[in-house]
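*Asks:* protein.txt (compact mmCIF, C-alpha atoms and all ligand atoms) pasted underneath:
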# COMPACT_ATOMS: atom_id res chain seq x y z
CA MET A 96 29.10 -10.58 44.39
CA SER A 97 31.68 -8.06 45.54
CA LYS A 98 30.81 -5.63 48.32
CA SER A 99 31.57 -2.71 46.03
CA ASP A 100 28.82 -3.68 43.55
CA GLY A 101 25.85 -1.36 43.85
CA ARG A 102 23.12 -3.37 45.54
CA ILE A 103 19.41 -2.68 45.69
CA ILE A 104 18.50 -2.78 49.38
CA VAL A 105 14.94 -2.73 50.72
CA LEU A 106 14.91 -1.72 54.38
CA SER A 107 11.95 -1.40 56.74
CA GLY A 108 12.18 0.99 59.67
CA ALA A 109 14.63 3.35 57.97
CA THR A 110 13.48 6.44 59.86
CA ARG A 111 15.13 5.95 63.27
CA GLY A 112 17.57 3.84 65.21
CA LEU A 113 19.42 1.03 63.47
CA GLY A 114 17.50 1.49 60.21
CA CYS A 115 18.48 5.14 59.91
CA ALA A 116 22.14 4.31 60.63
CA MET A 117 22.09 1.42 58.14
CA THR A 118 20.66 3.77 55.52
CA GLU A 119 23.60 6.16 55.96
CA GLY A 120 26.05 3.25 55.82
CA PHE A 121 24.61 1.62 52.71
CA VAL A 122 24.25 4.91 50.84
CA GLY A 123 27.81 5.87 51.81
CA ARG A 124 29.09 2.61 50.31
CA GLY A 125 27.34 3.26 46.99
CA HIS A 126 24.25 1.08 47.39
CA THR A 127 20.66 2.07 46.65
CA VAL A 128 18.36 2.18 49.68
CA LEU A 129 14.59 1.80 49.33
CA GLY A 130 13.31 2.43 52.83
CA CYS A 131 10.13 2.92 54.78
CA GLY A 132 8.83 4.01 58.16
CA ARG A 133 5.56 5.39 59.47
CA SER A 134 6.73 8.93 60.20
CA VAL A 135 5.90 11.19 57.25
CA GLU A 136 8.22 13.88 58.59
CA SER A 137 11.22 11.52 58.97
CA VAL A 138 10.60 9.98 55.55
CA GLY A 139 10.62 13.50 54.06
CA GLU A 140 13.95 14.26 55.77
CA LEU A 141 15.46 11.00 54.46
CA GLY A 142 14.27 11.81 50.95
CA ARG A 143 15.87 15.26 51.07
CA ALA A 144 19.14 13.85 52.46
CA HIS A 145 19.31 10.96 49.97
CA VAL A 146 17.85 11.80 46.57
CA ALA A 147 17.19 9.37 43.69
CA PRO A 148 17.94 6.57 43.08
CA HIS A 149 17.19 6.18 46.81
CA GLU A 150 13.50 6.20 47.71
CA PHE A 151 11.69 6.48 51.04
CA ALA A 152 8.01 5.90 51.69
CA ALA A 153 5.75 6.53 54.66
CA LEU A 154 3.87 3.30 55.31
CA ASP A 155 2.98 0.81 58.00
CA VAL A 156 4.51 -2.61 57.33
CA ALA A 157 1.46 -4.17 59.00
CA ASP A 158 -0.71 -2.87 56.13
CA ASP A 159 -0.45 -5.63 53.52
CA ASP A 160 -2.11 -3.57 50.76
CA ALA A 161 0.29 -0.67 51.32
CA VAL A 162 3.29 -3.03 51.26
CA ARG A 163 2.00 -4.68 48.06
CA ASP A 164 1.66 -1.32 46.27
CA TRP A 165 5.03 -0.09 47.56
CA ALA A 166 6.78 -3.29 46.44
CA ALA A 167 5.17 -3.27 42.99
CA GLY A 168 6.36 0.28 42.29
CA LEU A 169 9.88 -0.33 43.59
CA VAL A 170 10.34 -3.60 41.66
CA GLU A 171 9.12 -1.89 38.48
CA ARG A 172 11.63 0.95 38.89
CA HIS A 173 14.60 -0.90 40.41
CA GLY A 174 14.10 -4.60 39.75
CA ALA A 175 14.23 -7.24 42.47
CA PRO A 176 16.12 -6.31 45.63
CA ASP A 177 19.49 -7.93 46.31
CA LEU A 178 18.97 -7.53 50.03
CA LEU A 179 15.65 -7.34 51.89
CA ILE A 180 16.09 -6.26 55.51
CA ASN A 181 13.12 -6.66 57.83
CA ASN A 182 14.24 -4.27 60.57
CA ALA A 183 11.03 -2.46 61.64
CA ALA A 184 9.70 -3.65 64.97
CA LEU A 185 8.00 -2.60 68.20
CA MET A 186 8.92 -3.28 71.84
CA ASN A 187 6.21 -3.67 74.48
CA HIS A 188 6.04 -1.41 77.53
CA PRO A 189 7.87 -3.56 80.10
CA ALA A 190 5.32 -5.42 82.24
CA PRO A 191 4.43 -8.95 83.37
CA LEU A 192 2.60 -10.71 80.56
CA TRP A 193 -0.75 -10.77 82.35
CA GLU A 194 -0.68 -6.97 82.62
CA VAL A 195 0.00 -6.29 78.93
CA ASP A 196 -2.92 -4.75 77.12
CA ALA A 197 -4.48 -6.93 74.38
CA GLY A 198 -4.07 -4.09 71.87
CA GLU A 199 -0.33 -3.94 72.51
CA ILE A 200 0.05 -7.70 71.98
CA ASP A 201 -1.85 -7.35 68.73
CA ALA A 202 0.35 -4.46 67.56
CA LEU A 203 3.56 -6.42 68.20
CA LEU A 204 2.19 -9.44 66.32
CA ARG A 205 1.00 -7.33 63.40
CA VAL A 206 4.24 -5.34 63.04
CA ASN A 207 7.06 -7.65 64.17
CA LEU A 208 5.73 -10.81 62.55
CA GLY A 209 2.97 -9.69 60.17
CA GLY A 210 5.05 -6.83 58.78
CA THR A 211 8.02 -9.13 58.18
CA ILE A 212 5.79 -11.62 56.39
CA ASN A 213 4.13 -8.88 54.31
CA LEU A 214 7.50 -7.72 52.95
CA ILE A 215 8.51 -11.32 52.25
CA ARG A 216 5.17 -11.94 50.51
CA HIS A 217 5.64 -9.00 48.13
CA PHE A 218 9.40 -8.73 47.59
CA LEU A 219 10.46 -12.38 47.60
CA PRO A 220 8.68 -13.57 44.42
CA PRO A 221 10.66 -11.14 42.21
CA MET A 222 13.84 -12.17 44.06
CA ILE A 223 13.06 -15.82 43.33
CA ALA A 224 12.38 -14.93 39.69
CA ALA A 225 15.75 -13.17 39.55
CA GLY A 226 17.39 -16.25 41.09
CA ARG A 227 19.28 -14.34 43.80
CA GLY A 228 19.01 -12.32 46.96
CA VAL A 229 19.24 -12.40 50.74
CA VAL A 230 16.38 -11.88 53.21
CA VAL A 231 17.58 -10.64 56.60
CA ASN A 232 15.04 -10.77 59.41
CA PHE A 233 16.09 -8.80 62.46
CA SER A 234 15.93 -10.97 65.54
CA SER A 235 17.32 -10.27 69.00
CA ALA A 236 19.13 -11.94 71.89
CA TRP A 237 15.52 -12.14 73.13
CA GLY A 238 14.74 -14.29 70.07
CA ARG A 239 17.04 -16.95 71.55
CA SER A 240 16.67 -16.30 75.29
CA THR A 241 14.06 -14.69 77.56
CA ALA A 242 13.73 -12.04 80.25
CA PRO A 243 10.91 -10.85 82.50
CA GLU A 244 8.59 -8.06 81.33
CA VAL A 245 9.34 -8.50 77.62
CA ALA A 246 7.35 -11.69 76.92
CA PRO A 247 5.41 -10.19 73.96
CA TYR A 248 8.64 -9.02 72.32
CA CYS A 249 10.34 -12.40 73.03
CA MET A 250 7.34 -14.16 71.47
CA THR A 251 7.73 -12.22 68.24
CA LYS A 252 11.51 -12.56 68.02
CA TRP A 253 11.39 -16.33 68.72
CA GLY A 254 8.79 -16.34 65.93
CA ILE A 255 11.24 -14.53 63.65
CA GLU A 256 13.83 -17.23 64.29
CA GLY A 257 11.31 -19.99 63.49
CA LEU A 258 9.82 -18.44 60.38
CA THR A 259 13.29 -17.64 59.05
CA GLN A 260 14.48 -21.24 59.41
CA ALA A 261 11.30 -22.57 57.80
CA LEU A 262 11.54 -20.03 54.97
CA ALA A 263 15.18 -21.00 54.41
CA SER A 264 14.11 -24.60 53.80
CA GLU A 265 11.67 -23.42 51.11
CA LEU A 266 14.03 -21.18 49.12
CA PRO A 267 15.50 -22.22 45.78
CA SER A 268 19.27 -22.15 45.34
CA GLY A 269 20.77 -18.69 44.95
CA LEU A 270 18.69 -17.22 47.77
CA ALA A 271 19.09 -17.09 51.54
CA ALA A 272 17.06 -16.20 54.62
CA VAL A 273 19.02 -15.27 57.74
CA ALA A 274 17.95 -14.26 61.26
CA VAL A 275 20.29 -11.58 62.60
CA ASN A 276 20.68 -10.46 66.20
CA PRO A 277 22.12 -6.93 65.97
CA GLY A 278 23.50 -6.83 69.55
CA ILE A 279 22.64 -4.19 72.17
CA ILE A 280 22.52 -0.64 70.84
CA ALA A 281 21.28 2.58 72.44
CA THR A 282 18.14 3.38 70.44
CA ASP A 283 14.60 4.50 71.28
CA MET A 284 13.68 0.82 71.56
CA LEU A 285 16.34 0.06 74.16
CA ARG A 286 15.43 3.22 76.11
CA ARG A 287 11.85 1.96 76.25
CA CYS A 288 13.16 -1.09 78.16
CA TRP A 289 15.98 0.34 80.21
CA GLY A 290 15.45 4.12 80.28
CA SER A 291 18.69 6.14 80.46
CA ASP A 292 20.66 2.96 81.37
CA ALA A 293 20.51 2.19 77.64
CA ASP A 294 22.90 5.05 76.96
CA VAL A 295 25.95 3.14 78.30
CA TYR A 296 25.83 1.17 75.01
CA ASP A 297 27.12 2.34 71.64
CA GLY A 298 24.70 4.31 69.50
CA PRO A 299 23.45 3.21 66.07
CA ASP A 300 26.06 5.13 64.05
CA THR A 301 28.96 3.36 65.80
CA TRP A 302 27.13 0.02 65.47
CA ALA A 303 26.54 0.56 61.75
CA GLN A 304 30.24 1.02 60.98
CA SER A 305 30.76 -2.76 61.20
CA ALA A 306 27.13 -3.95 60.91
CA VAL A 307 26.69 -2.64 57.37
CA ASP A 308 29.69 -4.62 56.10
CA PHE A 309 28.54 -7.67 58.03
CA LEU A 310 25.10 -7.49 56.37
CA LEU A 311 26.60 -6.97 52.91
CA GLY A 312 28.72 -10.06 53.48
CA LEU A 313 25.77 -12.40 54.08
CA GLY A 314 25.14 -14.90 51.30
CA THR A 315 23.80 -18.32 50.41
CA ALA A 316 26.14 -20.02 52.89
CA ASP A 317 24.15 -18.29 55.65
CA ASN A 318 20.77 -19.67 54.57
CA GLY A 319 18.82 -20.76 57.65
CA ARG A 320 21.48 -19.60 60.07
CA SER A 321 21.03 -17.45 63.17
CA ARG A 322 23.80 -14.88 63.07
CA ASP A 323 25.01 -12.16 65.42
CA VAL A 324 26.40 -8.91 64.09
CA SER A 325 30.11 -9.18 64.75
N1 LIG B 1 18.38 -1.61 69.77
C1 LIG B 1 18.71 -2.83 70.21
O1 LIG B 1 19.50 -2.98 71.18
C2 LIG B 1 18.16 -4.06 69.55
C3 LIG B 1 18.51 -5.31 70.11
C4 LIG B 1 18.02 -6.45 69.50
C5 LIG B 1 17.23 -6.38 68.38
N2 LIG B 1 16.89 -5.15 67.87
C6 LIG B 1 16.05 -5.14 66.67
O2 LIG B 1 16.63 -4.25 65.72
C7 LIG B 1 15.58 -3.65 64.94
C8 LIG B 1 15.68 -2.14 64.97
O3 LIG B 1 15.55 -1.74 66.34
P1 LIG B 1 15.83 -0.23 66.82
O4 LIG B 1 16.47 -0.36 68.15
O5 LIG B 1 16.46 0.56 65.74
O6 LIG B 1 14.31 0.26 67.06
P2 LIG B 1 13.72 1.77 67.03
O7 LIG B 1 14.76 2.74 67.41
O8 LIG B 1 12.48 1.70 67.85
O9 LIG B 1 13.36 1.97 65.49
C9 LIG B 1 12.34 1.17 64.91
C10 LIG B 1 12.15 1.57 63.46
O10 LIG B 1 11.05 0.81 62.95
C11 LIG B 1 10.09 1.70 62.39
N3 LIG B 1 8.75 1.13 62.55
C12 LIG B 1 8.15 0.75 63.70
N4 LIG B 1 6.92 0.28 63.44
C13 LIG B 1 6.76 0.35 62.10
C14 LIG B 1 5.70 0.02 61.21
N5 LIG B 1 4.54 -0.49 61.69
N6 LIG B 1 5.86 0.22 59.89
C15 LIG B 1 7.01 0.74 59.41
N7 LIG B 1 8.05 1.09 60.19
C16 LIG B 1 7.92 0.90 61.52
C17 LIG B 1 10.29 3.01 63.16
O11 LIG B 1 9.91 4.15 62.41
P3 LIG B 1 8.52 4.93 62.50
O12 LIG B 1 8.28 5.23 63.95
O13 LIG B 1 8.73 6.11 61.61
O14 LIG B 1 7.52 3.96 61.94
C18 LIG B 1 11.81 3.04 63.29
O15 LIG B 1 12.39 3.53 62.10
C19 LIG B 1 14.27 -4.20 65.50
O16 LIG B 1 13.86 -5.32 64.75
C20 LIG B 1 14.65 -4.62 66.90
O17 LIG B 1 13.79 -5.60 67.41
C21 LIG B 1 17.33 -4.00 68.43
Output the file's structure as structure tokens, nothing else.
*Replies:*
Amino acid sequence: MSKSDGRIIVLSGATRGLGCAMTEGFVGRGHTVLGCGRSVESVGELGRAHVAPHEFAALDVADDDAVRDWAAGLVERHGAPDLLINNAALMNHPAPLWEVDAGEIDALLRVNLGGTINLIRHFLPPMIAAGRGVVVNFSSAWGRSTAPEVAPYCMTKWGIEGLTQALASELPSGLAAVAVNPGIIATDMLRRCWGSDADVYDGPDTWAQSAVDFLLGLGTADNGRSRDVS
């Protein structure tokens, strides 16, 4: 498939950070973006900036019923996605593991892993029926290494790497599942870890200039691989 073909791209976490920058990049290259985030206000702004065929919905990826209904409507209107990007995620407030609140651990599990699985559960069957498509699960350097005070986040991103490799072994030919480490980018998430020190890194718009083409270039040869945005 050539990069200039209009692709149908489902993207979680489109409202801020990397997801918002990817949305701009994909739309600018002529692809259709079907995105979500929890913020009703940000979803409204995205919808005004990018009218049909693009669609944006306010929903929590941890809510399996909401994801099921969202996916059913999108697949009916657009067909199976060519690219499913599980980007939405949460970072814990930096702290030693024994000081992290049980509710925060639960939220990271439900969003970072449960949300990813919910989108796979509801978008992948039509992709399999169509016989094509790429699932990109956003990982992290902390999905392949560790650091103090981010154990809950590391747990979920190591989980992303594992579930992606296992999923890859289940997929029929024509499809791929890839774990992607985006790099280090100055977003709200990075500021939560490093405060204003995060701002020495490039912002999401600069990152997206090459990341969007990298993501569009992923294909069946990448099935089961752990890739870094380059
Ligand atoms: N920034 C980095 O340096 C870096 C490094 C490694 C990996 N990553 C990974 O890259 C991805 C994007 O990170 P980011 O830095 O762009 O994070 P971010 O700035 O915190 O943005 C996260 C996005 O996810 C959405 N989101 C969060 N919880 C959600 C939920 N329950 N349901 C639906 N949407 C939800 C947020 O929107 P709402 O608030 O509107 O829901 C927002 O659009 C994540 O998977 C992250 O782990 C980032």
*Asks:* Hey, which of A:Ile103, A:Ala261, A:Leu185, A:Val122 ends up closest to Met284 in chain A? Count only C-alpha atoms.
*Replies:*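 Nearest to Met284 in chain A: A:Leu185.
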*Asks:* Give the answer as one residue: which of A:Pro277, A:Gln304, A:Pro176, A:Cys249 has the shortest atom-to-atom distance to Thr118 in chain A, using all atoms listed in the file?
*Replies:*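 Using all atoms listed in the file, the shortest distance to Thr118 in chain A belongs to A:Gln304.
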*Asks:* Closest to Arg133 in chain A among A:Ala202, A:Ala271, A:Leu169, A:Ala153, using only C-alpha atoms?
*Replies:*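 Checking each of A:Ala202, A:Ala271, A:Leu169, A:Ala153 against Arg133 in chain A, counting only C-alpha atoms, the winner is A:Ala153.
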*Asks:* Would you compute an axis-aligned box for ligand LIG 1 (chain B), covering every atom listed for it in the file with 6 Å of margin on each side, and report centre and edge lengths in Å to one decimal as lines of an AutoDock Vina configuration file?
*Replies:*
center_x = 12.0
center_y = -0.2
center_z = 65.3
size_x = 27.0
size_y = 24.6
size_z = 23.8
*Asks:* Expressed in Å to a single decimal, how great is the separation between CA of Asp283 in chain A and CA of Ala109 in chain A?
*Replies:*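 Here the two named atoms are 13.4 Å from each other.
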*Asks:* Here is a test: counting only C-alpha atoms and all ligand atoms, which residue of A:Cys115, A:Leu311, A:Val324, A:Ala197 is nearest to ligand LIG 1 (chain B)?
*Replies:*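 That would be A:Cys115, the residue with the smallest distance to ligand LIG 1 (chain B).
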*Asks:* Determine, counting only C-alpha atoms, which protein, DNA and RNA residues have an atom within 9 Å of an atom of Leu113 in chain A; residues of the same chain fewer than 2 positions away are not included. Present the result as a VMD selection string.
*Replies:* chain A and resid 108 to 111 115 to 118 182 277 280 282 298 to 300 302 to 303
*Asks:* Quick one: residues within 10 Å of Ala147 in chain A, only C-alpha atoms, excluding same-chain residues fewer than 5 positions away - as a PyMOL selection string?
*Replies:* chain A and resi 127-129+142
*Asks:* How far is it from CA of Gly132 in chain A to CA of Tyr296 in chain A, in Å with one decimal?
*Replies:* 24.1 Å
*Asks:* Taking all atoms listed in the file into account, which of A:Val231, A:Asn207, A:Leu214, A:Val295 comes nearest Trp253 in chain A?
*Replies:* A:Asn207
*Asks:* For Trp193 in chain A, which of A:Ala224, A:Val245, A:Ile180, A:Val206 is the closest residue, counting all atoms listed in the file?
*Replies:*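 Looking only at the distances to Trp193 in chain A, the closest residue turns out to be A:Val245.
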*Asks:* Quick one: distance from CA of His149 in chain A to atom C7 of ligand LIG 1 (chain B) in Å, one decimal?
*Replies:* 20.7 Å
*Asks:* Which residues, written as a PyMOL selection string, have at least one atom at most 8 Å from Asn232 in chain A, with only C-alpha atoms counted and residues fewer than 4 positions away on the same chain left out?
*Replies:* chain A and resi 180-182+211+255+259+272-275
*Asks:* Can you tell me which residues surround range 163-165 of chain A at a distance of at most 9 Å, considering all atoms listed in the file, apart from same-chain residues fewer than 4 positions away, and format the answer as a list in words?
*Replies:*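 Answer for this query is Ala152, Leu154, Asp158, Asp159, Leu169, Val170, Asn213, Leu214, Arg216, His217 and Phe218 of chain A.
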*Asks:* Determine, counting only C-alpha atoms, which protein, DNA and RNA residues have an atom within 8 Å of an atom of Phe309 in chain A; residues of the same chain fewer than 3 positions away are not included. Present the result as a PyMOL selection string.
*Replies:* chain A and resi 305-306+312-313+324-325
*Asks:* Since fewer atoms than expected are present, regenerate N, CA and C atoms for range 307-322 of chain A and write them as an mmCIF file, in the frame of the given file.
*Replies:*
data_model
loop_
_atom_site.group_PDB
_atom_site.id
_atom_site.type_symbol
_atom_site.label_atom_id
_atom_site.label_comp_id
_atom_site.auth_asym_id
_atom_site.auth_seq_id
_atom_site.Cartn_x
_atom_site.Cartn_y
_atom_site.Cartn_z
ATOM 1 N N VAL A 307 27.022 -2.770 58.798
ATOM 2 C CA VAL A 307 26.690 -2.640 57.370
ATOM 3 C C VAL A 307 27.550 -3.605 56.539
ATOM 4 N N ASP A 308 28.832 -3.685 56.840
ATOM 5 C CA ASP A 308 29.690 -4.620 56.100
ATOM 6 C C ASP A 308 29.323 -6.068 56.402
ATOM 7 N N PHE A 309 28.984 -6.316 57.662
ATOM 8 C CA PHE A 309 28.540 -7.670 58.030
ATOM 9 C C PHE A 309 27.311 -8.075 57.200
ATOM 10 N N LEU A 310 26.343 -7.179 57.107
ATOM 11 C CA LEU A 310 25.100 -7.490 56.370
ATOM 12 C C LEU A 310 25.380 -7.677 54.886
ATOM 13 N N LEU A 311 26.254 -6.848 54.330
ATOM 14 C CA LEU A 311 26.600 -6.970 52.910
ATOM 15 C C LEU A 311 27.344 -8.276 52.634
ATOM 16 N N GLY A 312 27.954 -8.829 53.663
ATOM 17 C CA GLY A 312 28.720 -10.060 53.480
ATOM 18 C C GLY A 312 27.889 -11.324 53.589
ATOM 19 N N LEU A 313 26.610 -11.207 53.971
ATOM 20 C CA LEU A 313 25.770 -12.400 54.080
ATOM 21 C C LEU A 313 25.436 -12.958 52.701
ATOM 22 N N GLY A 314 25.415 -14.282 52.602
ATOM 23 C CA GLY A 314 25.140 -14.900 51.300
ATOM 24 C C GLY A 314 24.509 -16.268 51.464
ATOM 25 N N THR A 315 24.523 -17.037 50.408
ATOM 26 C CA THR A 315 23.800 -18.320 50.410
ATOM 27 C C THR A 315 24.331 -19.284 51.481
ATOM 28 N N ALA A 316 25.599 -19.134 51.853
ATOM 29 C CA ALA A 316 26.140 -20.020 52.890
ATOM 30 C C ALA A 316 25.480 -19.775 54.244
ATOM 31 N N ASP A 317 24.811 -18.631 54.379
ATOM 32 C CA ASP A 317 24.150 -18.290 55.650
ATOM 33 C C ASP A 317 22.686 -18.722 55.680
ATOM 34 N N ASN A 318 22.205 -19.331 54.612
ATOM 35 C CA ASN A 318 20.770 -19.670 54.570
ATOM 36 C C ASN A 318 20.359 -20.524 55.765
ATOM 37 N N GLY A 319 19.344 -20.030 56.496
ATOM 38 C CA GLY A 319 18.820 -20.760 57.650
ATOM 39 C C GLY A 319 19.599 -20.576 58.927
ATOM 40 N N ARG A 320 20.658 -19.773 58.867
ATOM 41 C CA ARG A 320 21.480 -19.600 60.070
ATOM 42 C C ARG A 320 20.955 -18.466 60.946
ATOM 43 N N SER A 321 21.274 -18.538 62.223
ATOM 44 C CA SER A 321 21.030 -17.450 63.170
ATOM 45 C C SER A 321 22.369 -16.782 63.424
ATOM 46 N N ARG A 322 22.502 -15.562 62.978
ATOM 47 C CA ARG A 322 23.800 -14.880 63.070
ATOM 48 C C ARG A 322 23.730 -13.719 64.055
#
